[in-house]
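One structure is given below, encoded as structure tokens.
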Amino acid sequence: MKILDIRTGRIVLPLARPFKTALRTVETLNDIAVKVITDEGEGYGEAPPTAVITGDTEGSILCAVHDYIRPALVGMDVMDLPAVMEKLNGCMVHNTTPKAAVDMAIYDLWARAQKQPLYRLLGGARESFRTDLTISVNPIPQMVEDSLDAVKQGFDILKIKVGKEGEKDVERIAAIRAAVGADVKLRVDANQGWEAKEAVRIIRAMEDKGLDLDLVEQPVPAADLDGLAYVTGNVQTPILADEAVFSERDACEIIRRGAANLINIKLMKTGGIWNALKICRLAEENGVECMIGCMLESRLSVAAAAHLAAGQKIITRADLDGPSLCAIDPYHGGPEFDGPEIAMRGDFGVGVAKIPCEDWN
Ligand code: MG
């Protein structure tokens, strides 16, 4: 299965409602689609420009794919997966988003050639699982309303975005907990919004109020591993490292220092499934459970993440709400996203077809 060409297109989808975190506000999903063309068919991937987290912009993604990755991979055999992945990861440093898009397209082709849904070849740990839904940072009444709306849609795990106003974040979570009751799991994502001591004060205040959090995600800046370790050591609530972990090396450092209790794996941070599997192995050896997450992505690349999560036992939590945040789903096939429930299907490869791109470059 020889790689003949790699092309890019555009995926533009309206969001059901504006997506707001401590770092940004977005109203439309605007991602780059990647198509890997071989002599035996095509594989697809998706690259969301998320400059505030990965540093990858629309322009840098296009440049990476066309000027570096394409020349490196054209002519290679998809079935020689280790060699292809070594070349993909070695042709340039960083640029994890375009690498992830190409990686998932290659895995799509690789699994289809073996006439298997990808998750079975990645370990086949489960057939279905549940995802949380993200609640954007807004005035408290709006967040309470959005939370109640999510629960009405069947979501029993909510991920609340906070991280701008300290004590007010405690009020936010308290109001949501009071509204949704005790049976809904609450996760809090500060997106690096707090300082270490401030984080301990806020999280302890939430604990004292009995808000019963499943986890707090990335309380402090990504580079502040000492701060992250300080928070983890000084609160009861499990702490999840997100922006602090891109690579296997990052995960190794977090585990060695005990800087977090859990690790959030996102394909756009790792550079795809190949590198994500390395983190899974490391986490499993050390008994550190992982969450699978996504950026603002449509069902195309989130499907690839779903295959990884369904394959790997150590991925015990899912934050794959990208498809739920989009107002429409233009695709056919692949894993089914029905509210909180993600069900794997028998389509070979990643399985998502009918990519809504008219012009491929
Ligand atoms: Mg996060």
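Chain identifiers are assigned as A, B, and so on, following the order in which chains appear in the structure tokens; residues are numbered from 1 within each chain, and ligands are numbered from 1 in order of appearance.
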
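For range 4-7 of chain A, the non-local neighbours within 8 Å, defined as residues at least 3 positions apart in the same chain or in other chains and counting only C-alpha atoms, are Val34, Lys35, Val36, Ile37, Thr38, Asp39, Val65, His66, Arg70, Val74, Gly75, Trp360 and Asn361 of chain A.
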
(request) Output as a PyMOL selection string all residues of range 9-79 of chain A that backbone DSSP marks as helix (DSSP H, G or I). (result) chain A and resi 51-54+58-73

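Residues in contact with ligand 1 (atom pairs separated by at most 10 Å; only C-alpha atoms and all ligand atoms) are Thr21, Ile53, Thr134, Lys159, Lys161, Val188, Asp189, Ala190, Asn191, Gln192, Val216, Glu217, Gln218, Pro219, Leu240, Ala241, Asp242, Glu243, Ala244, Asn264, Ile265, Lys266, Gly293, Cys294, Met295 and Asp319 of chain A.
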
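If you measure from each of A:Ile355, A:Ile160, A:Leu282, A:Cys290 to Lys185 in chain A using only C-alpha atoms, the closest one turns out to be A:Ile160.
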
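Distances here use only C-alpha atoms; by that measure, the residue among A:Ile342, A:Val102, A:Ile263, A:Cys91 closest to Val78 in chain A is A:Val102.
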
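The space between CA of Leu81 in chain A and CA of Tyr68 in chain A spans 18.4 Å.
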
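Within 8 Å of range 310-317 of chain A there are Tyr119, Arg120, Leu121, Leu122, Gly123, Gly124, Ala125, Arg126, Glu127, Ser128, Phe129, Arg130, Thr131, Cys280, Ala283, Glu284, Val288, Glu289, Cys290, Met291, Ile292, Ala306 and Met344 of chain A, counting only C-alpha atoms and ignoring same-chain residues fewer than 4 positions away.
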
Can I get the selected residues back with N, CA and C atoms, as an mmCIF file, in the first residue's frame?
```
data_model
loop_
_atom_site.group_PDB
_atom_site.id
_atom_site.type_symbol
_atom_site.label_atom_id
_atom_site.label_comp_id
_atom_site.auth_asym_id
_atom_site.auth_seq_id
_atom_site.Cartn_x
_atom_site.Cartn_y
_atom_site.Cartn_z
ATOM 1 N N TYR A 119 -10.007 0.090 16.502
ATOM 2 C CA TYR A 119 -9.903 -0.123 17.963
ATOM 3 C C TYR A 119 -9.560 -1.569 18.309
ATOM 4 N N ARG A 120 -9.955 -2.520 17.446
ATOM 5 C CA ARG A 120 -9.618 -3.924 17.740
ATOM 6 C C ARG A 120 -8.128 -4.159 17.612
ATOM 7 N N LEU A 121 -7.499 -3.474 16.657
ATOM 8 C CA LEU A 121 -6.047 -3.631 16.469
ATOM 9 C C LEU A 121 -5.261 -2.844 17.516
ATOM 10 N N LEU A 122 -5.937 -1.910 18.201
ATOM 11 C CA LEU A 122 -5.266 -1.114 19.242
ATOM 12 C C LEU A 122 -5.496 -1.704 20.634
ATOM 13 N N GLY A 123 -6.022 -2.898 20.704
ATOM 14 C CA GLY A 123 -6.189 -3.560 21.999
ATOM 15 C C GLY A 123 -7.604 -4.049 22.275
ATOM 16 N N GLY A 124 -8.580 -3.446 21.630
ATOM 17 C CA GLY A 124 -9.968 -3.926 21.742
ATOM 18 C C GLY A 124 -10.492 -4.045 23.164
ATOM 19 N N ALA A 125 -10.242 -3.045 24.015
ATOM 20 C CA ALA A 125 -10.625 -3.126 25.433
ATOM 21 C C ALA A 125 -12.129 -3.018 25.653
ATOM 22 N N ARG A 126 -12.856 -2.272 24.836
ATOM 23 C CA ARG A 126 -14.292 -2.088 25.047
ATOM 24 C C ARG A 126 -15.011 -1.748 23.747
ATOM 25 N N GLU A 127 -16.323 -1.959 23.754
ATOM 26 C CA GLU A 127 -17.135 -1.708 22.557
ATOM 27 C C GLU A 127 -17.817 -0.346 22.632
ATOM 28 N N SER A 128 -17.970 0.171 23.848
ATOM 29 C CA SER A 128 -18.614 1.472 24.002
ATOM 30 C C SER A 128 -18.152 2.113 25.309
ATOM 31 N N PHE A 129 -18.326 3.410 25.411
ATOM 32 C CA PHE A 129 -17.979 4.130 26.643
ATOM 33 C C PHE A 129 -18.691 5.463 26.636
ATOM 34 N N ARG A 130 -18.599 6.170 27.755
ATOM 35 C CA ARG A 130 -19.324 7.443 27.873
ATOM 36 C C ARG A 130 -18.362 8.623 27.916
ATOM 37 N N THR A 131 -18.797 9.743 27.361
ATOM 38 C CA THR A 131 -17.995 10.966 27.416
ATOM 39 C C THR A 131 -18.701 11.998 28.282
ATOM 40 N N CYS A 280 0.317 5.462 26.850
ATOM 41 C CA CYS A 280 -0.562 4.452 27.447
ATOM 42 C C CYS A 280 0.247 3.337 28.115
ATOM 43 N N ALA A 283 1.889 4.682 31.255
ATOM 44 C CA ALA A 283 0.879 4.916 32.289
ATOM 45 C C ALA A 283 0.418 3.594 32.890
ATOM 46 N N GLU A 284 0.230 2.620 32.036
ATOM 47 C CA GLU A 284 -0.229 1.298 32.500
ATOM 48 C C GLU A 284 0.808 0.657 33.432
ATOM 49 N N VAL A 288 -1.149 4.601 36.324
ATOM 50 C CA VAL A 288 -1.719 5.950 36.238
ATOM 51 C C VAL A 288 -2.819 5.943 35.165
ATOM 52 N N GLU A 289 -4.060 6.144 35.591
ATOM 53 C CA GLU A 289 -5.152 6.108 34.623
ATOM 54 C C GLU A 289 -5.123 7.344 33.724
ATOM 55 N N CYS A 290 -5.617 7.170 32.520
ATOM 56 C CA CYS A 290 -5.612 8.265 31.552
ATOM 57 C C CYS A 290 -7.027 8.655 31.145
ATOM 58 N N MET A 291 -7.133 9.913 30.697
ATOM 59 C CA MET A 291 -8.359 10.376 30.074
ATOM 60 C C MET A 291 -8.017 10.620 28.608
ATOM 61 N N ILE A 292 -8.981 10.375 27.725
ATOM 62 C CA ILE A 292 -8.786 10.769 26.321
ATOM 63 C C ILE A 292 -9.536 12.070 26.122
ATOM 64 N N ALA A 306 -11.511 8.064 19.631
ATOM 65 C CA ALA A 306 -12.432 7.071 20.200
ATOM 66 C C ALA A 306 -11.891 5.655 19.992
ATOM 67 N N MET A 344 -18.670 1.892 19.361
ATOM 68 C CA MET A 344 -17.788 1.533 18.257
ATOM 69 C C MET A 344 -18.591 0.692 17.266
#
```

(request) Step one, run DSSP on the backbone; step two, keep only residues of range 83-304 of chain A assigned to strand (DSSP E or B); then write them as number ranges by chain. (result) A: 117, 128-130, 133-135, 157-161, 185-189, 213-217, 239-241, 262-266, 290-293

Grab the residues selected above and save them as a PDB file, in the first residue's frame with C-alpha atoms.
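selection_12.pdb was written with the following content:
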```pdb
ATOM      1  CA  PRO A 117     -12.036  -1.607  12.868  1.00  0.00           C
ATOM      2  CA  SER A 128     -18.614   1.472  24.002  1.00  0.00           C
ATOM      3  CA  PHE A 129     -17.979   4.130  26.643  1.00  0.00           C
ATOM      4  CA  ARG A 130     -19.324   7.443  27.873  1.00  0.00           C
ATOM      5  CA  LEU A 133     -19.769  17.365  28.009  1.00  0.00           C
ATOM      6  CA  THR A 134     -17.934  20.670  28.397  1.00  0.00           C
ATOM      7  CA  ILE A 135     -19.727  23.604  29.993  1.00  0.00           C
ATOM      8  CA  ILE A 157     -20.537  13.728  33.553  1.00  0.00           C
ATOM      9  CA  LEU A 158     -19.935  17.451  33.077  1.00  0.00           C
ATOM     10  CA  LYS A 159     -16.614  19.179  32.563  1.00  0.00           C
ATOM     11  CA  ILE A 160     -16.841  22.724  33.837  1.00  0.00           C
ATOM     12  CA  LYS A 161     -14.467  25.329  32.458  1.00  0.00           C
ATOM     13  CA  LYS A 185     -20.047  13.632  38.046  1.00  0.00           C
ATOM     14  CA  LEU A 186     -18.353  17.025  37.914  1.00  0.00           C
ATOM     15  CA  ARG A 187     -14.911  17.628  36.439  1.00  0.00           C
ATOM     16  CA  VAL A 188     -13.288  21.055  36.664  1.00  0.00           C
ATOM     17  CA  ASP A 189     -10.869  22.322  34.012  1.00  0.00           C
ATOM     18  CA  LEU A 213     -15.248  16.561  42.159  1.00  0.00           C
ATOM     19  CA  ASP A 214     -14.149  13.660  39.966  1.00  0.00           C
ATOM     20  CA  LEU A 215     -10.977  15.587  39.128  1.00  0.00           C
ATOM     21  CA  VAL A 216      -9.441  19.009  38.582  1.00  0.00           C
ATOM     22  CA  GLU A 217      -7.676  19.452  35.276  1.00  0.00           C
ATOM     23  CA  ILE A 239      -5.394  16.199  39.628  1.00  0.00           C
ATOM     24  CA  LEU A 240      -5.257  15.614  35.881  1.00  0.00           C
ATOM     25  CA  ALA A 241      -2.320  16.884  33.802  1.00  0.00           C
ATOM     26  CA  LEU A 262      -4.068  11.311  35.999  1.00  0.00           C
ATOM     27  CA  ILE A 263      -2.938  12.108  32.453  1.00  0.00           C
ATOM     28  CA  ASN A 264      -5.036  13.602  29.670  1.00  0.00           C
ATOM     29  CA  ILE A 265      -4.051  12.186  26.278  1.00  0.00           C
ATOM     30  CA  LYS A 266      -5.009  14.182  23.195  1.00  0.00           C
ATOM     31  CA  CYS A 290      -5.612   8.265  31.552  1.00  0.00           C
ATOM     32  CA  MET A 291      -8.359  10.376  30.074  1.00  0.00           C
ATOM     33  CA  ILE A 292      -8.786  10.769  26.321  1.00  0.00           C
ATOM     34  CA  GLY A 293      -9.511  14.332  25.293  1.00  0.00           C
TER      35      GLY A 293
END
```
